[in-house]
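Shown next, in structure tokens, is the structure this report addresses.
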Amino acid sequence: MQGQMMHRPLRIADILTFAEDSHKTSEVISRTVEGDLNRITYPDMAARARQMAKALIALDISLGDRVATLAWNGYRHLELYYAISGIGAVCHTINPRLSPEQMLYIIGHAEDRLLFLDLTFVPLVEKLAPQLPKTLRFVVMTARAHMPDSPLDLLCYEDLLTAQDPHYAWPEFPEDTASGLCYTSGTTGHPKGALYSHRSTVLHTMLCAISLRDCLQPGRKILPVVPLFHVNAWGLPYAAPLTGASLVMPGPRLDGASLWDLMNDEQVFSAWGVPTVWLGLLAEIKQRGAKPVGFGEVIIGGSAAPRSMIDAFERMDVSVCHAWGMTEMSPVGTVGHLPPSMDDHPLEQRVDVKAKQGRRCFGVDLKIVDEAGAALPHDGQASGELYVRGNSIVSGYFANPEATAQALDPDGWFGTGDVASIDADGFLTITDRAKDLIKSGGEWISSLDVENMAMSHPGIANCAVIAVPHPKWDERPLMVAVAAEDIPPKKSDILSHLAQYLAKWQLPDDIVFVDTLPLTATGKVSKLTLRQEYADHALPA
Ligand code: ADP
């Protein structure tokens, strides 16, 4: 027997309309590329999104067309998330840190018709223009007064928007209509596109609102350092308007001092981003001797949060929530809140559990499997490749049948490429990315484990452990580290520190000190670059 309830298609635009009705005073505060601080309420933003929707239609954009953005975190970028998807077109966010070749590839692969760009990226687009499709048109996300002189035919965002009135009814279409497109950075081969739908996005938004409810509340201020140009800024562009949380958008300035100032001025409660960003903020807090006023929570994901970082934040009364996910999962998969039974546990124990990657969100199923694909127990011991299933997880890659065929197991679960264990309480521990594990003499060494322990040494500011080819053991670990002070600690000190936690064969064969570690387009330490750079590194005998 079928239920007798209405079936209304889930639509992204309804989230902003809800914010317009219910969260009238919540704001989006943006540090703009032009230099000023812009403040806009959700009702005003909803009106502007409708104007931009009409402007897109006037530019002949319709259902299914791909419209690209190349922009920092700011209010116009957020308006585009709603305007583009709202008319049934596809919002294709481009990561500006990709190489020019990768950018050209994805713009061609997506067949983008329009490209919205921040002023910052005008020189880049001018350089790429000769190789871009002749039909692609450009809109600069600024007002007329800031429009640059350019050999390109550039449209002006505010001119397009103000030419329209805000009276517009969002159209209806099936809820599985494509809404957004984001390419993974593709450490090997071409980038692959995750194509989201209205249904997957609205369900993911509700998943975020439930799972991250400490900060997703009316009036709370959240700072997304995680970019709108990658992984949907971890769902915030939708979850904040839905719940009435205000957003503080940092624009292009993401160094520790700029973040500290903005957070302090705006009294940001919760800040979201990858560990490398928080290293900068922690150094700034240390230097100024105080955390920004009102700072109470940090959401860390994208790569493993070192235990020492979690400890440092918790000791200054900033609650850490360690989350895991990926582009292909919209992206949130697990979230690291502790159960209330741990409220009065000592800090040490709480930090131990917070260093794990959290528990699954409602709507995300997890399984770990052995090399034959057989499911392994959730006992905290067994470790295997992590597979996921759910309504906000891709069922394939955009226009890429080969990658799609490789992505799913015979039962339709998506292979994450991560190696993990899951304990009896449901806490996930990511051991490594499968390709970053180090295989020494037939045994696996988790690079994340060694890094985590090394980061708790006061002489080490940041580090990465990679596999270097070895004639006898196949691979041996090499640590590439950034020292915390001008004079690096002695290698023997680091090794004896590590020996407290690790077996002898798990210790790095060598430690190399560098000024900085190379980063990927998504701000994570690039182990691929390091592996290439140190492939011929001579390990001490
Ligand atoms: P990219 O690889 O382009 O940065 P994603 O942001 O989608 O794209 O990366 C997802 C991957 O990042 C995951 O598969 C996992 O390897 C890693 N990751 C994400 N969050 C965490 C975390 N909290 N701990 C460890 N690894 C993480």
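Residue numbering restarts at 1 for every chain of the structure tokens, chains are lettered A, B, ... in their displayed order, and ligands are numbered from 1 as they appear.
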
Show me, as a ChimeraX atom specification, the residues that have an atom within 9 Å of Ala143 of chain A when counting only C-alpha atoms, minus same-chain residues fewer than 5 positions from it.
/A:156-159

Contact table chain A vs ligand 1, cut-off 8 Å, shortest pair per residue, only C-alpha atoms and all ligand atoms, as CSV:
```
residue,atom,partner,partner_atom_place_in_ligand_line,distance
A:Tyr183,CA,ligand 1,3 (O),7.8
A:Thr184,CA,ligand 1,3 (O),4.4
A:Ser185,CA,ligand 1,3 (O),3.9
A:Gly186,CA,ligand 1,3 (O),6.2
A:Thr187,CA,ligand 1,2 (O),7.3
A:His230,CA,ligand 1,6 (O),7.4
A:Val231,CA,ligand 1,6 (O),6.1
A:Ile300,CA,ligand 1,23 (N),6.7
A:Gly301,CA,ligand 1,23 (N),4.1
A:Gly302,CA,ligand 1,19 (C),3.4
A:Ser303,CA,ligand 1,27 (C),3.6
A:Ala304,CA,ligand 1,24 (N),3.3
A:Ala305,CA,ligand 1,23 (N),6.2
A:His322,CA,ligand 1,23 (N),5.8
A:Ala323,CA,ligand 1,23 (N),4.9
A:Trp324,CA,ligand 1,20 (N),3.8
A:Gly325,CA,ligand 1,19 (C),5.0
A:Met326,CA,ligand 1,7 (O),3.4
A:Thr327,CA,ligand 1,7 (O),3.7
A:Glu328,CA,ligand 1,7 (O),6.3
A:Met329,CA,ligand 1,7 (O),7.9
A:Pro331,CA,ligand 1,7 (O),7.0
A:Lys356,CA,ligand 1,23 (N),7.9
A:Gln357,CA,ligand 1,23 (N),5.3
A:Thr416,CA,ligand 1,14 (O),5.6
A:Gly417,CA,ligand 1,14 (O),6.2
A:Asp418,CA,ligand 1,16 (O),5.4
A:Thr429,CA,ligand 1,24 (N),8.0
A:Ile430,CA,ligand 1,25 (C),5.6
A:Thr431,CA,ligand 1,25 (C),7.8
A:Asp432,CA,ligand 1,16 (O),6.9
A:Arg433,CA,ligand 1,16 (O),5.0
A:Thr520,CA,ligand 1,4 (O),7.2
A:Ala521,CA,ligand 1,3 (O),7.1
A:Thr522,CA,ligand 1,4 (O),4.9
A:Gly523,CA,ligand 1,4 (O),7.5
A:Lys524,CA,ligand 1,4 (O),6.6
```

Quick one: residues within 7 Å of Asp365 of chain A, only C-alpha atoms counted, chain neighbours fewer than 2 positions away excluded, as an NGL selection string?
:A and (363 or 367 or 388-390)

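Contact shell of Ala55 of chain A at 12 Å (only C-alpha atoms; same-chain neighbours under 4 positions omitted): Arg48, Ala49, Arg50, Gln51, Leu59, Asp60, Ile61, Ser62, Leu80, Ala83, Ile84, Ile87, Val139, Leu155, Cys156, Tyr157, Glu158, Asp159, Leu160, Leu161, Thr162, Ala163, Gln164, Asp165, Pro166 and Tyr168 of chain A.
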
Write to file, as a compact mmCIF listing (two decimals), in the first residue's frame, the residues of the selection just made, with N, CA, C and O atoms.
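To be explicit, this is the file written out as again-v9.txt:
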```
# COMPACT_ATOMS: atom_id res chain seq x y z
N ARG A 48 18.04 39.70 -4.62
CA ARG A 48 19.11 39.82 -5.63
C ARG A 48 19.30 38.51 -6.41
O ARG A 48 19.59 38.53 -7.62
N ALA A 49 19.13 37.36 -5.75
CA ALA A 49 19.26 36.08 -6.46
C ALA A 49 18.18 35.97 -7.54
O ALA A 49 18.42 35.47 -8.64
N ARG A 50 16.97 36.48 -7.23
CA ARG A 50 15.90 36.44 -8.24
C ARG A 50 16.24 37.37 -9.41
O ARG A 50 16.01 37.04 -10.57
N GLN A 51 16.81 38.55 -9.08
CA GLN A 51 17.22 39.45 -10.17
C GLN A 51 18.28 38.77 -11.06
O GLN A 51 18.22 38.84 -12.28
N LEU A 59 20.27 36.20 -20.65
CA LEU A 59 21.48 35.82 -21.40
C LEU A 59 21.31 34.46 -22.08
O LEU A 59 22.29 33.83 -22.49
N ASP A 60 20.05 33.98 -22.09
CA ASP A 60 19.72 32.77 -22.81
C ASP A 60 20.21 31.49 -22.11
O ASP A 60 20.47 30.47 -22.76
N ILE A 61 20.38 31.55 -20.80
CA ILE A 61 20.74 30.35 -20.04
C ILE A 61 19.45 29.63 -19.68
O ILE A 61 18.49 30.24 -19.20
N SER A 62 19.43 28.32 -19.89
CA SER A 62 18.21 27.58 -19.55
C SER A 62 18.55 26.24 -18.91
O SER A 62 19.73 25.92 -18.66
N LEU A 80 24.98 33.46 -6.73
CA LEU A 80 25.03 32.65 -7.95
C LEU A 80 24.66 31.19 -7.67
O LEU A 80 24.02 30.53 -8.49
N ALA A 83 20.91 31.52 -7.85
CA ALA A 83 20.35 32.00 -9.12
C ALA A 83 20.52 30.94 -10.21
O ALA A 83 19.58 30.63 -10.95
N ILE A 84 21.73 30.36 -10.29
CA ILE A 84 22.01 29.40 -11.37
C ILE A 84 21.19 28.13 -11.17
O ILE A 84 20.43 27.70 -12.05
N ILE A 87 17.16 28.36 -11.54
CA ILE A 87 16.47 28.33 -12.84
C ILE A 87 16.63 26.97 -13.52
O ILE A 87 16.20 26.77 -14.65
N VAL A 139 31.47 37.20 -17.12
CA VAL A 139 30.83 38.22 -16.29
C VAL A 139 31.75 38.50 -15.10
O VAL A 139 32.09 37.58 -14.34
N LEU A 155 31.19 41.32 -19.28
CA LEU A 155 29.93 41.86 -18.77
C LEU A 155 30.11 42.19 -17.29
O LEU A 155 30.97 41.62 -16.61
N CYS A 156 29.27 43.11 -16.79
CA CYS A 156 29.39 43.56 -15.40
C CYS A 156 28.23 43.00 -14.58
O CYS A 156 27.05 43.19 -14.91
N TYR A 157 28.57 42.30 -13.48
CA TYR A 157 27.57 41.62 -12.63
C TYR A 157 26.46 42.57 -12.17
O TYR A 157 25.28 42.29 -12.34
N GLU A 158 26.87 43.71 -11.58
CA GLU A 158 25.85 44.60 -11.00
C GLU A 158 24.98 45.23 -12.10
O GLU A 158 23.80 45.46 -11.88
N ASP A 159 25.56 45.48 -13.27
CA ASP A 159 24.74 46.01 -14.38
C ASP A 159 23.67 45.00 -14.78
O ASP A 159 22.51 45.35 -14.98
N LEU A 160 24.10 43.74 -14.91
CA LEU A 160 23.14 42.70 -15.31
C LEU A 160 22.03 42.58 -14.28
O LEU A 160 20.85 42.48 -14.60
N LEU A 161 22.45 42.59 -13.00
CA LEU A 161 21.49 42.36 -11.92
C LEU A 161 20.49 43.51 -11.80
O LEU A 161 19.27 43.29 -11.75
N THR A 162 21.01 44.74 -11.81
CA THR A 162 20.10 45.88 -11.57
C THR A 162 19.21 46.16 -12.78
O THR A 162 18.24 46.91 -12.67
N ALA A 163 19.49 45.55 -13.91
CA ALA A 163 18.60 45.73 -15.07
C ALA A 163 17.30 44.93 -14.90
O ALA A 163 16.36 45.08 -15.68
N GLN A 164 17.27 44.06 -13.85
CA GLN A 164 16.09 43.22 -13.65
C GLN A 164 15.38 43.62 -12.36
O GLN A 164 16.02 44.12 -11.44
N ASP A 165 14.04 43.34 -12.30
CA ASP A 165 13.37 43.54 -11.00
C ASP A 165 13.32 42.21 -10.25
O ASP A 165 13.56 41.16 -10.84
N PRO A 166 13.03 42.26 -8.95
CA PRO A 166 13.13 41.02 -8.16
C PRO A 166 11.86 40.16 -8.17
O PRO A 166 11.75 39.22 -7.38
N TYR A 168 9.93 37.34 -9.39
CA TYR A 168 10.20 36.14 -10.17
C TYR A 168 9.78 34.94 -9.33
O TYR A 168 10.08 34.87 -8.14
```

So, counting only C-alpha atoms, which residue among A:Arg144, A:Arg307, A:His470, A:Arg137 is closest to Asn452 of chain A?
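Counting only C-alpha atoms, the residue closest to Asn452 of chain A is A:Arg307.
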
Using only C-alpha atoms, pick whichever of A:Pro218, A:Arg113, A:Pro148, A:Leu254 has the shortest atom-to-atom distance to Arg31 of chain A.
A:Leu254

A:Ser341, A:Ser197, A:Ser446, A:Asn462: which is nearest Val482 of chain A, counting only C-alpha atoms?
A:Asn462

Nearest to Glu27 of chain A among A:Pro224, A:Pro241, A:Pro9, A:Gly412, with distances taken over only C-alpha atoms: which residue is it?
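Closest to Glu27 of chain A, using only C-alpha atoms: A:Pro241.
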
Length of the atom CA of Ile393 of chain A to atom CA of His337 of chain A vector [Å]:
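Computing the Euclidean distance for atom CA of Ile393 of chain A and atom CA of His337 of chain A yields 21.9 Å.
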
Residues near Ile460 of chain A, cut-off 10 Å, only C-alpha atoms, skip fewer than 3 positions along chain, as number ranges by chain:
A: 454-457, 463, 481-485, 488-489, 494, 513

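Nearest-residue note for Thr529 of chain A: choosing from A:Asp436, A:Glu101, A:Glu172, A:Glu126, the minimum distance belongs to A:Asp436, counting only C-alpha atoms.
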
Write down as a PyMOL selection string the residues of segment 43-218 of chain A whose backbone DSSP state falls under strand (DSSP E).
chain A and resi 66-70+90-93+114-117+137-140+154-156+178-183+193-197

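For the choices A:Glu371, A:Asp36, A:Asp255, A:Asp344, the atom-to-atom distance to Ala283 of chain A is smallest for A:Asp255 when using only C-alpha atoms.
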
Excluding Val298 of chain A and its own-chain neighbours fewer than 6 positions away, which residues fall within 9 Å of it when counting only C-alpha atoms? Please give them as a short mmCIF file (atom, residue, chain, number, x, y, z; two decimals) with N, CA, C and O atoms, in the first residue's frame.
```cif
data_model
loop_
_atom_site.label_atom_id
_atom_site.label_comp_id
_atom_site.auth_asym_id
_atom_site.auth_seq_id
_atom_site.Cartn_x
_atom_site.Cartn_y
_atom_site.Cartn_z
N PHE A 269 31.69 32.71 15.85
CA PHE A 269 31.65 31.61 16.81
C PHE A 269 32.35 30.36 16.28
O PHE A 269 33.12 29.71 16.96
N SER A 270 32.08 30.05 15.00
CA SER A 270 32.56 28.78 14.46
C SER A 270 33.30 29.01 13.15
O SER A 270 32.84 29.76 12.30
N ALA A 271 34.48 28.37 12.99
CA ALA A 271 35.26 28.55 11.77
C ALA A 271 35.52 27.18 11.15
O ALA A 271 35.82 26.23 11.87
N TRP A 272 35.38 27.10 9.82
CA TRP A 272 35.46 25.81 9.13
C TRP A 272 36.60 25.81 8.12
O TRP A 272 36.70 26.72 7.28
N GLY A 273 37.48 24.78 8.15
CA GLY A 273 38.54 24.72 7.14
C GLY A 273 39.48 23.55 7.34
O GLY A 273 39.36 22.77 8.30
N TRP A 278 44.48 26.25 9.90
CA TRP A 278 44.46 26.43 11.38
C TRP A 278 45.87 26.51 11.96
O TRP A 278 46.05 27.07 13.03
N PHE A 313 43.54 23.73 20.47
CA PHE A 313 42.26 24.44 20.43
C PHE A 313 41.43 24.17 21.69
O PHE A 313 40.86 25.09 22.29
N VAL A 318 38.13 26.21 22.66
CA VAL A 318 37.53 26.17 21.33
C VAL A 318 37.25 24.69 21.05
O VAL A 318 38.17 23.88 20.99
N SER A 319 35.98 24.35 20.96
CA SER A 319 35.61 22.95 20.79
C SER A 319 35.91 22.50 19.35
O SER A 319 35.54 23.17 18.40
N VAL A 320 36.61 21.38 19.22
CA VAL A 320 36.98 20.89 17.89
C VAL A 320 35.98 19.83 17.43
O VAL A 320 35.64 18.92 18.18
N CYS A 321 35.51 19.98 16.22
CA CYS A 321 34.70 18.93 15.61
C CYS A 321 35.44 18.49 14.35
O CYS A 321 35.66 19.28 13.43
N HIS A 322 35.88 17.24 14.35
CA HIS A 322 36.69 16.70 13.26
C HIS A 322 35.74 15.97 12.31
O HIS A 322 35.04 15.05 12.72
#
```

Just the alpha helix (DSSP H) stuff from segment 61-310 of chain A, please, per backbone DSSP, written as a PDB file with C-alpha atoms, in the first residue's frame.
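Generated file (result_20.pdb):
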```
ATOM      1  CA  TYR A  75      28.023  37.265  -1.206  1.00  0.00           C
ATOM      2  CA  ARG A  76      27.869  37.435  -5.014  1.00  0.00           C
ATOM      3  CA  HIS A  77      29.226  33.901  -5.252  1.00  0.00           C
ATOM      4  CA  LEU A  78      26.508  32.758  -2.851  1.00  0.00           C
ATOM      5  CA  GLU A  79      23.834  34.561  -4.899  1.00  0.00           C
ATOM      6  CA  LEU A  80      25.031  32.646  -7.951  1.00  0.00           C
ATOM      7  CA  TYR A  81      24.684  29.311  -6.125  1.00  0.00           C
ATOM      8  CA  TYR A  82      20.945  30.064  -5.887  1.00  0.00           C
ATOM      9  CA  ALA A  83      20.349  31.998  -9.117  1.00  0.00           C
ATOM     10  CA  ILE A  84      22.013  29.398 -11.372  1.00  0.00           C
ATOM     11  CA  SER A  85      20.576  26.278  -9.734  1.00  0.00           C
ATOM     12  CA  GLY A  86      17.253  28.013  -9.122  1.00  0.00           C
ATOM     13  CA  PRO A 100      45.807  26.255 -16.343  1.00  0.00           C
ATOM     14  CA  GLU A 101      45.737  22.886 -18.193  1.00  0.00           C
ATOM     15  CA  GLN A 102      43.295  21.407 -15.672  1.00  0.00           C
ATOM     16  CA  MET A 103      41.131  24.528 -15.821  1.00  0.00           C
ATOM     17  CA  LEU A 104      40.974  24.422 -19.617  1.00  0.00           C
ATOM     18  CA  TYR A 105      40.169  20.720 -19.442  1.00  0.00           C
ATOM     19  CA  ILE A 106      37.235  21.079 -17.054  1.00  0.00           C
ATOM     20  CA  ILE A 107      35.741  24.151 -18.746  1.00  0.00           C
ATOM     21  CA  GLY A 108      35.819  22.191 -22.013  1.00  0.00           C
ATOM     22  CA  HIS A 109      34.572  18.973 -20.426  1.00  0.00           C
ATOM     23  CA  ALA A 110      31.704  20.745 -18.644  1.00  0.00           C
ATOM     24  CA  VAL A 122      40.652  38.756 -14.845  1.00  0.00           C
ATOM     25  CA  PRO A 123      44.396  38.466 -15.727  1.00  0.00           C
ATOM     26  CA  LEU A 124      44.191  34.658 -15.523  1.00  0.00           C
ATOM     27  CA  VAL A 125      41.154  34.487 -17.799  1.00  0.00           C
ATOM     28  CA  GLU A 126      42.754  36.926 -20.258  1.00  0.00           C
ATOM     29  CA  LYS A 127      45.712  34.536 -20.472  1.00  0.00           C
ATOM     30  CA  LEU A 128      43.501  31.463 -20.937  1.00  0.00           C
ATOM     31  CA  TYR A 157      27.575  41.620 -12.628  1.00  0.00           C
ATOM     32  CA  GLU A 158      25.850  44.598 -11.002  1.00  0.00           C
ATOM     33  CA  ASP A 159      24.744  46.012 -14.380  1.00  0.00           C
ATOM     34  CA  LEU A 160      23.140  42.695 -15.312  1.00  0.00           C
ATOM     35  CA  LEU A 161      21.490  42.362 -11.916  1.00  0.00           C
ATOM     36  CA  THR A 162      20.105  45.879 -11.569  1.00  0.00           C
ATOM     37  CA  HIS A 198      18.371  19.426  -6.172  1.00  0.00           C
ATOM     38  CA  ARG A 199      17.270  16.371  -4.237  1.00  0.00           C
ATOM     39  CA  SER A 200      20.790  15.338  -3.159  1.00  0.00           C
ATOM     40  CA  THR A 201      21.616  18.922  -2.177  1.00  0.00           C
ATOM     41  CA  VAL A 202      18.480  19.548  -0.106  1.00  0.00           C
ATOM     42  CA  LEU A 203      18.848  16.201   1.683  1.00  0.00           C
ATOM     43  CA  HIS A 204      22.545  16.907   2.320  1.00  0.00           C
ATOM     44  CA  THR A 205      21.615  20.344   3.680  1.00  0.00           C
ATOM     45  CA  MET A 206      19.278  18.752   6.209  1.00  0.00           C
ATOM     46  CA  LEU A 207      21.986  16.224   7.110  1.00  0.00           C
ATOM     47  CA  CYS A 208      24.389  19.113   7.834  1.00  0.00           C
ATOM     48  CA  ALA A 209      21.782  21.055   9.805  1.00  0.00           C
ATOM     49  CA  ILE A 210      21.192  18.071  12.085  1.00  0.00           C
ATOM     50  CA  SER A 211      24.813  16.973  12.419  1.00  0.00           C
ATOM     51  CA  LEU A 236      27.394  25.905   4.343  1.00  0.00           C
ATOM     52  CA  PRO A 237      25.974  27.887   1.384  1.00  0.00           C
ATOM     53  CA  TYR A 238      22.765  25.954   1.932  1.00  0.00           C
ATOM     54  CA  ALA A 239      22.827  24.947   5.621  1.00  0.00           C
ATOM     55  CA  ALA A 240      23.437  28.503   6.905  1.00  0.00           C
ATOM     56  CA  PRO A 241      20.404  30.098   5.182  1.00  0.00           C
ATOM     57  CA  LEU A 242      18.261  27.086   6.130  1.00  0.00           C
ATOM     58  CA  THR A 243      19.074  27.401   9.833  1.00  0.00           C
ATOM     59  CA  GLY A 256      46.406  33.822  10.174  1.00  0.00           C
ATOM     60  CA  ALA A 257      46.495  37.585  10.864  1.00  0.00           C
ATOM     61  CA  SER A 258      43.679  38.438   8.421  1.00  0.00           C
ATOM     62  CA  LEU A 259      41.501  35.634   9.754  1.00  0.00           C
ATOM     63  CA  TRP A 260      42.178  36.637  13.390  1.00  0.00           C
ATOM     64  CA  ASP A 261      41.159  40.255  12.683  1.00  0.00           C
ATOM     65  CA  LEU A 262      37.994  39.367  10.791  1.00  0.00           C
ATOM     66  CA  MET A 263      36.926  36.779  13.379  1.00  0.00           C
ATOM     67  CA  ASN A 264      37.582  39.201  16.223  1.00  0.00           C
ATOM     68  CA  ASP A 265      35.787  42.140  14.560  1.00  0.00           C
ATOM     69  CA  GLU A 266      32.740  40.040  13.724  1.00  0.00           C
ATOM     70  CA  PRO A 275      44.264  21.836   9.034  1.00  0.00           C
ATOM     71  CA  THR A 276      46.844  23.912   7.119  1.00  0.00           C
ATOM     72  CA  VAL A 277      44.702  27.036   7.622  1.00  0.00           C
ATOM     73  CA  TRP A 278      44.463  26.432  11.375  1.00  0.00           C
ATOM     74  CA  LEU A 279      48.235  26.150  11.705  1.00  0.00           C
ATOM     75  CA  GLY A 280      48.343  29.804  10.575  1.00  0.00           C
ATOM     76  CA  LEU A 281      45.574  30.894  12.950  1.00  0.00           C
ATOM     77  CA  LEU A 282      47.109  29.037  15.921  1.00  0.00           C
ATOM     78  CA  ALA A 283      50.461  30.742  15.297  1.00  0.00           C
ATOM     79  CA  GLU A 284      48.669  34.113  15.231  1.00  0.00           C
ATOM     80  CA  ILE A 285      46.793  33.347  18.469  1.00  0.00           C
ATOM     81  CA  LYS A 286      50.109  32.428  20.098  1.00  0.00           C
ATOM     82  CA  GLN A 287      51.741  35.632  18.902  1.00  0.00           C
ATOM     83  CA  ARG A 288      48.897  37.911  20.035  1.00  0.00           C
ATOM     84  CA  ARG A 307      46.052  15.459  17.707  1.00  0.00           C
ATOM     85  CA  SER A 308      48.310  18.318  18.828  1.00  0.00           C
ATOM     86  CA  MET A 309      46.124  20.815  16.934  1.00  0.00           C
ATOM     87  CA  ILE A 310      42.948  19.474  18.543  1.00  0.00           C
TER      88      ILE A 310
END
```
